[in-house]
$ cat run_5.cif   # mmCIF, C-alpha atoms
data_work
#
loop_
_atom_site.label_atom_id
_atom_site.label_comp_id
_atom_site.auth_asym_id
_atom_site.auth_seq_id
_atom_site.Cartn_x
_atom_site.Cartn_y
_atom_site.Cartn_z
CA MET A 1 0.00 0.00 0.00
CA GLN A 2 1.28 3.45 -0.93
CA ASP A 3 0.81 6.20 1.65
CA LEU A 4 0.00 9.52 -0.02
CA THR A 5 -1.34 11.34 3.02
CA ASP A 6 1.35 14.01 2.70
CA ARG A 7 0.82 14.57 -1.05
CA THR A 8 -1.34 17.13 -2.85
CA ILE A 9 -2.01 16.10 -6.43
CA LEU A 10 -3.63 17.87 -9.38
CA VAL A 11 -5.21 15.50 -11.91
CA THR A 12 -6.55 16.77 -15.24
CA GLY A 13 -9.31 14.95 -17.08
CA ALA A 14 -10.62 13.44 -13.85
CA SER A 15 -14.27 12.83 -14.69
CA LYS A 16 -14.06 9.66 -16.78
CA GLY A 17 -11.88 6.89 -18.14
CA ILE A 18 -8.26 6.75 -17.02
CA GLY A 19 -8.49 10.01 -15.09
CA ARG A 20 -11.42 8.87 -13.01
CA THR A 21 -9.62 5.67 -12.04
CA ILE A 22 -6.47 7.63 -11.16
CA VAL A 23 -8.43 9.97 -8.87
CA GLU A 24 -10.12 7.03 -7.16
CA SER A 25 -6.78 5.36 -6.50
CA LEU A 26 -5.01 8.49 -5.27
CA GLY A 27 -7.90 9.32 -2.96
CA ALA A 28 -7.98 5.79 -1.60
CA HIS A 29 -4.32 6.11 -0.66
CA GLY A 30 -4.85 9.33 1.28
CA ALA A 31 -3.86 12.07 -1.16
CA ARG A 32 -5.39 15.51 -1.30
CA VAL A 33 -6.80 15.64 -4.83
CA ILE A 34 -7.64 18.53 -7.12
CA ALA A 35 -9.79 17.01 -9.87
CA GLN A 36 -10.10 19.01 -13.09
CA TYR A 37 -12.97 18.39 -15.46
CA SER A 38 -14.27 20.09 -18.58
CA SER A 39 -18.03 19.47 -18.71
CA ASP A 40 -18.88 16.19 -16.96
CA TYR A 41 -19.61 17.45 -13.45
CA ASP A 42 -21.58 14.33 -12.51
CA GLY A 43 -18.61 12.21 -13.57
CA VAL A 44 -16.10 14.07 -11.43
CA VAL A 45 -18.46 13.97 -8.46
CA ALA A 46 -18.73 10.21 -8.85
CA ALA A 47 -14.95 9.85 -9.23
CA THR A 48 -14.32 11.68 -5.95
CA LYS A 49 -17.28 10.43 -3.92
CA ASN A 50 -15.11 8.36 -1.57
CA ILE A 51 -12.65 11.18 -0.85
CA ASP A 52 -13.31 13.24 2.27
CA SER A 53 -14.53 16.75 1.52
CA ASP A 54 -11.46 18.36 3.11
CA ARG A 55 -9.18 16.35 0.81
CA LYS A 56 -10.71 17.23 -2.55
CA LEU A 57 -11.40 20.17 -4.81
CA LEU A 58 -13.34 19.94 -8.07
CA LEU A 59 -12.41 22.54 -10.67
CA ARG A 60 -13.86 23.13 -14.11
CA ALA A 61 -11.48 24.20 -16.87
CA ASP A 62 -12.11 23.88 -20.61
CA PHE A 63 -8.73 23.41 -22.25
CA SER A 64 -10.10 24.44 -25.63
CA ASP A 65 -9.74 27.92 -24.09
CA PRO A 66 -6.01 28.69 -24.42
CA LYS A 67 -5.99 30.60 -21.12
CA ALA A 68 -7.99 28.09 -19.05
CA TYR A 69 -4.86 26.58 -17.55
CA GLU A 70 -4.09 29.86 -15.75
CA GLY A 71 -7.37 29.95 -13.85
CA LEU A 72 -7.05 26.27 -13.01
CA TRP A 73 -3.56 26.68 -11.62
CA ASN A 74 -4.39 29.81 -9.65
CA GLN A 75 -7.47 28.25 -8.06
CA THR A 76 -5.47 25.14 -7.25
CA LEU A 77 -2.79 27.10 -5.40
CA THR A 78 -5.35 29.24 -3.60
CA TRP A 79 -6.90 26.08 -2.15
CA ALA A 80 -3.82 23.93 -1.65
CA GLY A 81 -0.97 26.39 -1.20
CA LYS A 82 1.51 23.81 -2.49
CA ILE A 83 1.31 21.11 -5.14
CA ASP A 84 3.46 18.00 -5.01
CA VAL A 85 2.39 16.18 -8.17
CA LEU A 86 0.75 17.10 -11.47
CA VAL A 87 -0.90 14.26 -13.38
CA SER A 88 -1.42 15.51 -16.94
CA ASN A 89 -4.12 13.23 -18.28
CA ALA A 90 -6.84 15.29 -20.00
CA ALA A 91 -7.20 14.49 -23.69
CA VAL A 92 -9.62 14.30 -26.59
CA MET A 93 -9.63 11.96 -29.57
CA PRO A 94 -11.20 13.81 -32.53
CA GLU A 95 -11.50 11.80 -35.71
CA ALA A 96 -10.69 13.06 -39.20
CA ALA A 97 -8.68 11.42 -41.95
CA LEU A 98 -6.21 13.25 -44.15
CA THR A 99 -8.61 12.56 -47.01
CA ASP A 100 -11.55 14.30 -45.31
CA SER A 101 -12.49 17.87 -46.06
CA ASP A 102 -10.12 20.72 -45.22
CA GLU A 103 -12.57 21.95 -42.61
CA ASP A 104 -12.96 18.58 -40.88
CA TRP A 105 -9.21 17.98 -40.82
CA ALA A 106 -8.44 21.46 -39.50
CA THR A 107 -11.07 21.12 -36.77
CA ALA A 108 -9.67 17.79 -35.57
CA TRP A 109 -6.08 18.96 -35.78
CA ASN A 110 -6.65 22.20 -33.87
CA GLN A 111 -8.78 20.56 -31.20
CA ALA A 112 -6.24 17.78 -30.61
CA LEU A 113 -3.24 20.12 -30.48
CA ASN A 114 -4.95 22.68 -28.23
CA ILE A 115 -6.27 20.22 -25.65
CA ASN A 116 -3.70 17.42 -25.81
CA ALA A 117 -0.53 19.46 -26.28
CA SER A 118 -0.73 23.23 -25.79
CA ALA A 119 -2.84 23.40 -22.63
CA PRO A 120 -0.90 20.60 -20.89
CA ALA A 121 2.44 22.16 -21.89
CA PHE A 122 1.58 25.51 -20.34
CA LEU A 123 0.19 23.84 -17.22
CA ILE A 124 3.34 21.73 -16.94
CA ARG A 125 5.41 24.92 -17.18
CA LYS A 126 3.42 26.36 -14.27
CA ALA A 127 4.19 23.22 -12.28
CA VAL A 128 7.91 23.37 -12.99
CA LEU A 129 8.10 27.02 -11.93
CA HIS A 130 6.20 26.14 -8.76
CA PHE A 131 8.45 23.18 -8.00
CA LEU A 132 11.52 25.37 -8.39
CA GLU A 133 10.13 27.61 -5.66
CA THR A 134 8.97 24.85 -3.30
CA GLY A 135 11.90 22.46 -3.50
CA GLY A 136 10.70 19.92 -6.03
CA GLY A 137 7.83 17.81 -7.25
CA SER A 138 6.73 15.33 -9.89
CA ILE A 139 4.93 15.44 -13.22
CA ILE A 140 3.28 12.32 -14.58
CA GLY A 141 2.09 12.50 -18.17
CA ILE A 142 -0.41 10.07 -19.67
CA SER A 143 0.48 9.63 -23.32
CA SER A 144 -0.30 6.86 -25.84
CA TRP A 145 1.58 4.29 -27.82
CA ALA A 146 0.18 6.10 -30.86
CA ALA A 147 2.69 8.89 -30.16
CA VAL A 148 5.61 6.61 -31.06
CA ARG A 149 4.17 3.98 -33.39
CA GLY A 150 1.41 6.00 -35.07
CA SER A 151 -2.24 5.09 -34.91
CA GLY A 152 -3.68 2.08 -36.68
CA ASN A 153 -6.75 4.22 -37.30
CA ALA A 154 -6.28 6.60 -40.24
CA ARG A 155 -8.81 8.94 -38.65
CA LEU A 156 -6.63 9.47 -35.56
CA GLY A 157 -3.61 11.12 -37.15
CA ALA A 158 -4.19 14.38 -35.29
CA TYR A 159 -4.58 12.54 -32.00
CA ALA A 160 -1.36 10.56 -32.49
CA ALA A 161 0.59 13.68 -33.41
CA SER A 162 -0.80 15.64 -30.48
CA LYS A 163 0.46 13.07 -27.99
CA ALA A 164 4.11 13.41 -29.04
CA PRO A 165 4.92 16.98 -27.85
CA ILE A 166 4.30 16.31 -24.16
CA SER A 167 6.51 13.24 -24.35
CA ALA A 168 9.41 15.36 -25.59
CA LEU A 169 8.70 18.09 -23.05
CA LEU A 170 8.70 15.73 -20.08
CA LYS A 171 11.94 14.09 -21.18
CA THR A 172 13.51 17.54 -21.47
CA ILE A 173 12.34 18.40 -17.96
CA ALA A 174 13.75 15.15 -16.58
CA ARG A 175 17.14 15.78 -18.18
CA ASN A 176 17.47 19.39 -17.10
CA TYR A 177 15.79 19.74 -13.72
CA HIS A 178 16.62 16.53 -11.87
CA ASP A 179 19.14 18.44 -9.76
CA LYS A 180 16.27 20.61 -8.56
CA ASN A 181 14.41 17.57 -7.23
CA ILE A 182 11.94 17.64 -10.13
CA SER A 183 10.95 14.32 -11.69
CA ALA A 184 9.00 13.69 -14.88
CA TYR A 185 7.50 10.39 -15.96
CA LEU A 186 5.57 9.31 -19.03
CA ILE A 187 3.04 6.49 -19.08
CA SER A 188 2.32 5.22 -22.59
CA PRO A 189 -0.75 2.95 -22.65
CA GLY A 190 -1.97 0.77 -25.45
CA VAL A 191 -5.69 0.09 -25.92
CA VAL A 192 -7.34 0.95 -22.62
CA ARG A 193 -10.87 -0.05 -21.68
CA THR A 194 -12.42 3.42 -21.78
CA ALA A 195 -15.39 4.95 -23.58
CA MET A 196 -12.99 6.92 -25.79
CA SER A 197 -11.22 3.77 -26.97
CA GLU A 198 -14.50 1.95 -27.44
CA ALA A 199 -15.71 4.75 -29.72
CA SER A 200 -12.47 4.61 -31.69
CA ALA A 201 -12.79 0.84 -32.10
CA ARG A 202 -15.93 1.33 -34.15
CA SER A 203 -13.75 2.88 -36.87
CA LEU A 204 -11.58 -0.26 -36.92
CA GLY A 205 -14.27 -2.89 -37.36
CA GLY A 206 -15.47 -3.10 -33.78
CA GLU A 207 -14.09 -4.28 -30.45
CA GLU A 208 -13.56 -7.88 -31.57
CA ALA A 209 -11.28 -6.77 -34.41
CA VAL A 210 -9.25 -4.55 -32.08
CA THR A 211 -8.97 -7.29 -29.45
CA ALA A 212 -7.79 -9.81 -32.04
CA SER A 213 -4.88 -7.49 -32.89
CA LEU A 214 -3.56 -7.48 -29.31
CA ALA A 215 -0.89 -9.94 -28.20
CA MET A 216 -2.74 -10.97 -25.04
CA ALA A 217 -6.17 -10.49 -26.63
CA GLU A 218 -7.23 -8.13 -23.88
CA TRP A 219 -7.56 -4.39 -23.37
CA VAL A 220 -5.58 -2.63 -20.65
CA PRO A 221 -7.66 -2.12 -17.49
CA PRO A 222 -7.59 1.55 -16.39
CA THR A 223 -6.68 0.34 -12.90
CA ASP A 224 -3.27 -0.80 -14.18
CA ILE A 225 -2.50 2.78 -15.15
CA ALA A 226 -3.97 4.20 -11.94
CA GLU A 227 -1.85 1.91 -9.79
CA THR A 228 1.28 2.92 -11.69
CA VAL A 229 0.46 6.60 -11.22
CA THR A 230 -0.15 6.00 -7.51
CA LEU A 231 3.27 4.40 -7.13
CA LEU A 232 5.03 7.21 -9.01
CA ALA A 233 3.13 9.83 -7.02
CA THR A 234 4.91 8.77 -3.84
CA GLY A 235 8.00 10.52 -5.14
CA LYS A 236 10.16 7.61 -4.07
CA LEU A 237 11.06 6.14 -7.47
CA THR A 238 13.49 8.86 -8.48
CA SER A 239 15.61 6.42 -10.51
CA LEU A 240 12.70 6.20 -12.95
CA ASN A 241 12.95 9.92 -13.67
CA GLY A 242 12.61 10.44 -17.43
CA SER A 243 11.27 6.94 -18.03
CA THR A 244 8.52 6.01 -20.45
CA ILE A 245 6.45 3.20 -18.97
CA ASP A 246 4.70 1.11 -21.62
CA ILE A 247 1.46 -0.55 -20.54
CA ASN A 248 0.08 -2.50 -23.48
CA GLY A 249 0.04 -6.22 -22.69
CA ALA A 250 3.10 -7.14 -24.80
CA SER A 251 1.52 -5.75 -27.98
CA TYR A 252 4.30 -3.21 -28.50
CA ILE A 253 7.70 -4.07 -27.06
CA ARG A 254 10.64 -1.71 -27.59
#

$ encode --input "run_5.cif" --output "structure tokens"
Amino acid sequence: MQDLTDRTILVTGASKGIGRTIVESLGAHGARVIAQYSSDYDGVVAATKNIDSDRKLLLRADFSDPKAYEGLWNQTLTWAGKIDVLVSNAAVMPEAALTDSDEDWATAWNQALNINASAPAFLIRKAVLHFLETGGGSIIGISSWAAVRGSGNARLGAYAASKAPISALLKTIARNYHDKNISAYLISPGVVRTAMSEASARSLGGEEAVTASLAMAEWVPPTDIAETVTLLATGKLTSLNGSTIDINGASYIR
């Protein structure tokens, strides 16, 4: 069991899927949790229902607004005073193929880059500046194997591309700020059992077709990612600083 009673953790995209499971795990291990959501208030309430009221804060921030990260960070610090860990998880998966209309492609591209890359990058910068003032902290980014191998779905080119910038940013942070007690980790999941992945599977012939393509013929449970985040959030595994942790059931080994 990991004891997080002395840790204050900001989690983005906390209302559903991987983010919801992360929040549940962190809360169960005693962390103070700031749970960011975009529109699914009921989802974030459900995700944090087992966390005591004095250990949680629910904050709405729509990352399609390029300045939303500022309000989120300021409200977080007003409530918490100090942040120990940022879990950058929020993401969207807009679909548009290169062969679609200019308008459809541009919409998907801009949405993916704004929400999956730009907003997280500026929020991560806020965290690094804060950690430099407070003596250190950790950033855990949730990426995707699509960022390194490309997507098998031609309609997810924008999504795959948008997942690569944060990977490079976190590796840069790990290489340059480790002497300031700042750690950065990247978790790169394969096909995770979430509503977003289930929707994407429909473009690839359905869930059975996707499952048949996986080495272990099973999707990654979100709890596997949440438990990994919980372990990293302790701040004890400093030797993993800069690591990319692949969680894909042996479907992509590198």

$ residues_around --input "run_5.cif" --residues "Glu198 of chain A" --least-positions-apart "5" --cutoff "12 Å" --atoms "all atoms listed in the file" --output "ChimeraX atom specification"
/A:17,93,191-193,203-211,219

$ residues_around --input "run_5.cif" --residues "Val148 of chain A" --least-positions-apart "3" --cutoff "12 Å" --atoms "only C-alpha atoms" --output "list in words"
Ser143, Ser144, Trp145, Ser151, Gly152, Gly157, Tyr159, Ala160, Ala161, Ser162, Lys163, Ala164, Pro165, Ile166, Ser167, Ala168, Ser188, Pro189, Gly190, Thr244, Asp246, Tyr252, Ile253 and Arg254 of chain A

$ closest_residue --input "run_5.cif" --among "A:Leu10, A:Ala201, A:Ala127, A:Ala112" --to "Ala184 of chain A" --atoms "all atoms listed in the file"
A:Ala127

$ closest_residue --input "run_5.cif" --among "A:Leu156, A:Ile34, A:Leu170, A:Val85" --to "Trp109 of chain A" --atoms "all atoms listed in the file"
A:Leu156

$ resolve_selection --input "run_5.cif" --expression "the PyMOL selection byres ((chain A and resi 251) around 6)" --output "ChimeraX atom specification"
/A:214-215,248-250,252

$ axis_aligned_box --input "run_5.cif" --around "segment 215-233 of chain A" --padding-each-side "5 Å" --output "AutoDock Vina command-line options"
--center_x -1.3 --center_y -0.6 --center_z -17.6 --size_x 22.7 --size_y 30.8 --size_z 31.2

$ closest_residue --input "run_5.cif" --among "A:Val45, A:Ala31, A:Leu237, A:Val128" --to "Tyr177 of chain A" --atoms "all atoms listed in the file"
A:Val128

$ residues_around --input "run_5.cif" --residues "Arg32 of chain A" --least-positions-apart "5" --cutoff "6 Å" --atoms "all atoms listed in the file" --output "list in words"
Thr8, Arg55 and Lys56 of chain A

$ residues_around --input "run_5.cif" --residues "Phe131 of chain A" --least-positions-apart "5" --cutoff "12 Å" --atoms "all atoms listed in the file" --output "JSON, numbers by chain"
{"A": [82, 83, 84, 85, 86, 124, 125, 126, 136, 137, 138, 139, 173, 177, 178, 179, 180, 181, 182, 183, 184]}

$ residues_around --input "run_5.cif" --residues "segment 229-232 of chain A" --least-positions-apart "6" --cutoff "10 Å" --atoms "all atoms listed in the file" --output "ChimeraX atom specification"
/A:1-4,22-23,25-29,31,85,87,138-142,183-187,223,238,240-241

$ atom_distance --input "run_5.cif" --atom1 "atom CA of Asp65 of chain A" --atom2 "atom CA of Ala158 of chain A"
18.4 Å

$ closest_residue --input "run_5.cif" --among "A:Thr21, A:Asn116, A:Ser39, A:Ser239" --to "Pro222 of chain A" --atoms "all atoms listed in the file"
A:Thr21

$ resolve_selection --input "run_5.cif" --expression "the PyMOL selection byres ((chain A and resi 96) around 9)" --output "MDAnalysis selection string"
chainID A and resid 94:95 97:101 104:109 154:158

$ write_last_selection --input "run_5.cif" --atoms "C-alpha atoms" --output "tab-separated table (two decimals), keeping the file's coordinate frame"
chain	number	residue	atom	x	y	z
A	94	PRO	CA	-11.20	13.81	-32.53
A	95	GLU	CA	-11.50	11.80	-35.71
A	97	ALA	CA	-8.68	11.42	-41.95
A	98	LEU	CA	-6.21	13.25	-44.15
A	99	THR	CA	-8.61	12.56	-47.01
A	100	ASP	CA	-11.55	14.30	-45.31
A	101	SER	CA	-12.49	17.87	-46.06
A	104	ASP	CA	-12.96	18.58	-40.88
A	105	TRP	CA	-9.21	17.98	-40.82
A	106	ALA	CA	-8.44	21.46	-39.50
A	107	THR	CA	-11.07	21.12	-36.77
A	108	ALA	CA	-9.67	17.79	-35.57
A	109	TRP	CA	-6.08	18.96	-35.78
A	154	ALA	CA	-6.28	6.60	-40.24
A	155	ARG	CA	-8.81	8.94	-38.65
A	156	LEU	CA	-6.63	9.47	-35.56
A	157	GLY	CA	-3.61	11.12	-37.15
A	158	ALA	CA	-4.19	14.38	-35.29

$ decode --input "run_5.cif" --residues "segment 164-202 of chain A" --atoms "N, CA and C atoms" --output "mmCIF file, in the first residue's frame"
data_model
loop_
_atom_site.group_PDB
_atom_site.id
_atom_site.type_symbol
_atom_site.label_atom_id
_atom_site.label_comp_id
_atom_site.auth_asym_id
_atom_site.auth_seq_id
_atom_site.Cartn_x
_atom_site.Cartn_y
_atom_site.Cartn_z
ATOM 1 N N ALA A 164 2.645 13.416 -29.020
ATOM 2 C CA ALA A 164 4.108 13.414 -29.043
ATOM 3 C C ALA A 164 4.752 14.613 -28.344
ATOM 4 N N PRO A 165 4.221 15.827 -28.450
ATOM 5 C CA PRO A 165 4.917 16.977 -27.852
ATOM 6 C C PRO A 165 5.131 16.881 -26.351
ATOM 7 N N ILE A 166 4.153 16.393 -25.606
ATOM 8 C CA ILE A 166 4.300 16.310 -24.156
ATOM 9 C C ILE A 166 5.359 15.278 -23.782
ATOM 10 N N SER A 167 5.462 14.232 -24.569
ATOM 11 C CA SER A 167 6.513 13.239 -24.345
ATOM 12 C C SER A 167 7.886 13.900 -24.407
ATOM 13 N N ALA A 168 8.124 14.692 -25.447
ATOM 14 C CA ALA A 168 9.414 15.364 -25.594
ATOM 15 C C ALA A 168 9.633 16.390 -24.486
ATOM 16 N N LEU A 169 8.582 17.088 -24.102
ATOM 17 C CA LEU A 169 8.698 18.094 -23.052
ATOM 18 C C LEU A 169 9.074 17.456 -21.717
ATOM 19 N N LEU A 170 8.418 16.368 -21.357
ATOM 20 C CA LEU A 170 8.698 15.731 -20.080
ATOM 21 C C LEU A 170 10.114 15.148 -20.039
ATOM 22 N N LYS A 171 10.566 14.605 -21.135
ATOM 23 C CA LYS A 171 11.939 14.087 -21.180
ATOM 24 C C LYS A 171 12.952 15.225 -21.020
ATOM 25 N N THR A 172 12.637 16.375 -21.608
ATOM 26 C CA THR A 172 13.508 17.541 -21.467
ATOM 27 C C THR A 172 13.557 18.010 -20.022
ATOM 28 N N ILE A 173 12.398 18.013 -19.372
ATOM 29 C CA ILE A 173 12.339 18.398 -17.956
ATOM 30 C C ILE A 173 13.172 17.437 -17.109
ATOM 31 N N ALA A 174 13.013 16.150 -17.359
ATOM 32 C CA ALA A 174 13.753 15.155 -16.581
ATOM 33 C C ALA A 174 15.264 15.335 -16.734
ATOM 34 N N ARG A 175 15.710 15.649 -17.928
ATOM 35 C CA ARG A 175 17.141 15.776 -18.177
ATOM 36 C C ARG A 175 17.736 17.051 -17.591
ATOM 37 N N ASN A 176 16.919 18.085 -17.468
ATOM 38 C CA ASN A 176 17.471 19.389 -17.102
ATOM 39 C C ASN A 176 17.149 19.873 -15.699
ATOM 40 N N TYR A 177 16.184 19.239 -15.032
ATOM 41 C CA TYR A 177 15.785 19.737 -13.716
ATOM 42 C C TYR A 177 15.878 18.685 -12.612
ATOM 43 N N HIS A 178 16.509 17.564 -12.889
ATOM 44 C CA HIS A 178 16.618 16.528 -11.874
ATOM 45 C C HIS A 178 17.405 17.015 -10.662
ATOM 46 N N ASP A 179 18.357 17.928 -10.887
ATOM 47 C CA ASP A 179 19.145 18.435 -9.764
ATOM 48 C C ASP A 179 18.357 19.412 -8.895
ATOM 49 N N LYS A 180 17.163 19.766 -9.346
ATOM 50 C CA LYS A 180 16.271 20.614 -8.563
ATOM 51 C C LYS A 180 15.169 19.789 -7.891
ATOM 52 N N ASN A 181 15.363 18.483 -7.855
ATOM 53 C CA ASN A 181 14.407 17.565 -7.232
ATOM 54 C C ASN A 181 13.074 17.528 -7.975
ATOM 55 N N ILE A 182 13.138 17.713 -9.292
ATOM 56 C CA ILE A 182 11.944 17.640 -10.132
ATOM 57 C C ILE A 182 12.037 16.380 -10.995
ATOM 58 N N SER A 183 11.002 15.556 -10.912
ATOM 59 C CA SER A 183 10.953 14.316 -11.686
ATOM 60 C C SER A 183 9.821 14.374 -12.702
ATOM 61 N N ALA A 184 10.032 13.746 -13.836
ATOM 62 C CA ALA A 184 8.997 13.691 -14.877
ATOM 63 C C ALA A 184 8.930 12.268 -15.420
ATOM 64 N N TYR A 185 7.719 11.760 -15.494
ATOM 65 C CA TYR A 185 7.503 10.390 -15.958
ATOM 66 C C TYR A 185 6.439 10.398 -17.050
ATOM 67 N N LEU A 186 6.543 9.435 -17.952
ATOM 68 C CA LEU A 186 5.571 9.307 -19.030
ATOM 69 C C LEU A 186 5.007 7.893 -19.023
ATOM 70 N N ILE A 187 3.701 7.790 -18.964
ATOM 71 C CA ILE A 187 3.036 6.489 -19.083
ATOM 72 C C ILE A 187 2.415 6.408 -20.474
ATOM 73 N N SER A 188 2.758 5.358 -21.201
ATOM 74 C CA SER A 188 2.324 5.216 -22.587
ATOM 75 C C SER A 188 1.445 3.974 -22.730
ATOM 76 N N PRO A 189 0.130 4.126 -22.576
ATOM 77 C CA PRO A 189 -0.755 2.954 -22.648
ATOM 78 C C PRO A 189 -1.046 2.532 -24.086
ATOM 79 N N GLY A 190 -1.451 1.272 -24.198
ATOM 80 C CA GLY A 190 -1.975 0.771 -25.454
ATOM 81 C C GLY A 190 -3.476 1.001 -25.509
ATOM 82 N N VAL A 191 -4.234 -0.030 -25.829
ATOM 83 C CA VAL A 191 -5.691 0.095 -25.922
ATOM 84 C C VAL A 191 -6.281 -0.107 -24.527
ATOM 85 N N VAL A 192 -6.811 0.966 -23.979
ATOM 86 C CA VAL A 192 -7.340 0.949 -22.619
ATOM 87 C C VAL A 192 -8.859 0.851 -22.673
ATOM 88 N N ARG A 193 -9.418 0.131 -21.733
ATOM 89 C CA ARG A 193 -10.870 -0.054 -21.683
ATOM 90 C C ARG A 193 -11.529 1.230 -21.171
ATOM 91 N N THR A 194 -11.727 2.179 -22.084
ATOM 92 C CA THR A 194 -12.422 3.425 -21.782
ATOM 93 C C THR A 194 -13.453 3.690 -22.872
ATOM 94 N N ALA A 195 -14.372 4.603 -22.593
ATOM 95 C CA ALA A 195 -15.393 4.946 -23.578
ATOM 96 C C ALA A 195 -14.760 5.551 -24.830
ATOM 97 N N MET A 196 -13.658 6.309 -24.650
ATOM 98 C CA MET A 196 -12.989 6.924 -25.789
ATOM 99 C C MET A 196 -12.404 5.864 -26.717
ATOM 100 N N SER A 197 -11.787 4.836 -26.146
ATOM 101 C CA SER A 197 -11.220 3.766 -26.970
ATOM 102 C C SER A 197 -12.310 2.909 -27.611
ATOM 103 N N GLU A 198 -13.382 2.713 -26.889
ATOM 104 C CA GLU A 198 -14.501 1.946 -27.439
ATOM 105 C C GLU A 198 -15.097 2.653 -28.643
ATOM 106 N N ALA A 199 -15.193 3.978 -28.572
ATOM 107 C CA ALA A 199 -15.709 4.748 -29.715
ATOM 108 C C ALA A 199 -14.761 4.652 -30.898
ATOM 109 N N SER A 200 -13.458 4.713 -30.617
ATOM 110 C CA SER A 200 -12.473 4.608 -31.686
ATOM 111 C C SER A 200 -12.508 3.237 -32.350
ATOM 112 N N ALA A 201 -12.779 2.203 -31.566
ATOM 113 C CA ALA A 201 -12.795 0.838 -32.100
ATOM 114 C C ALA A 201 -13.839 0.661 -33.194
ATOM 115 N N ARG A 202 -14.877 1.447 -33.121
ATOM 116 C CA ARG A 202 -15.929 1.332 -34.146
ATOM 117 C C ARG A 202 -15.412 1.703 -35.528
#
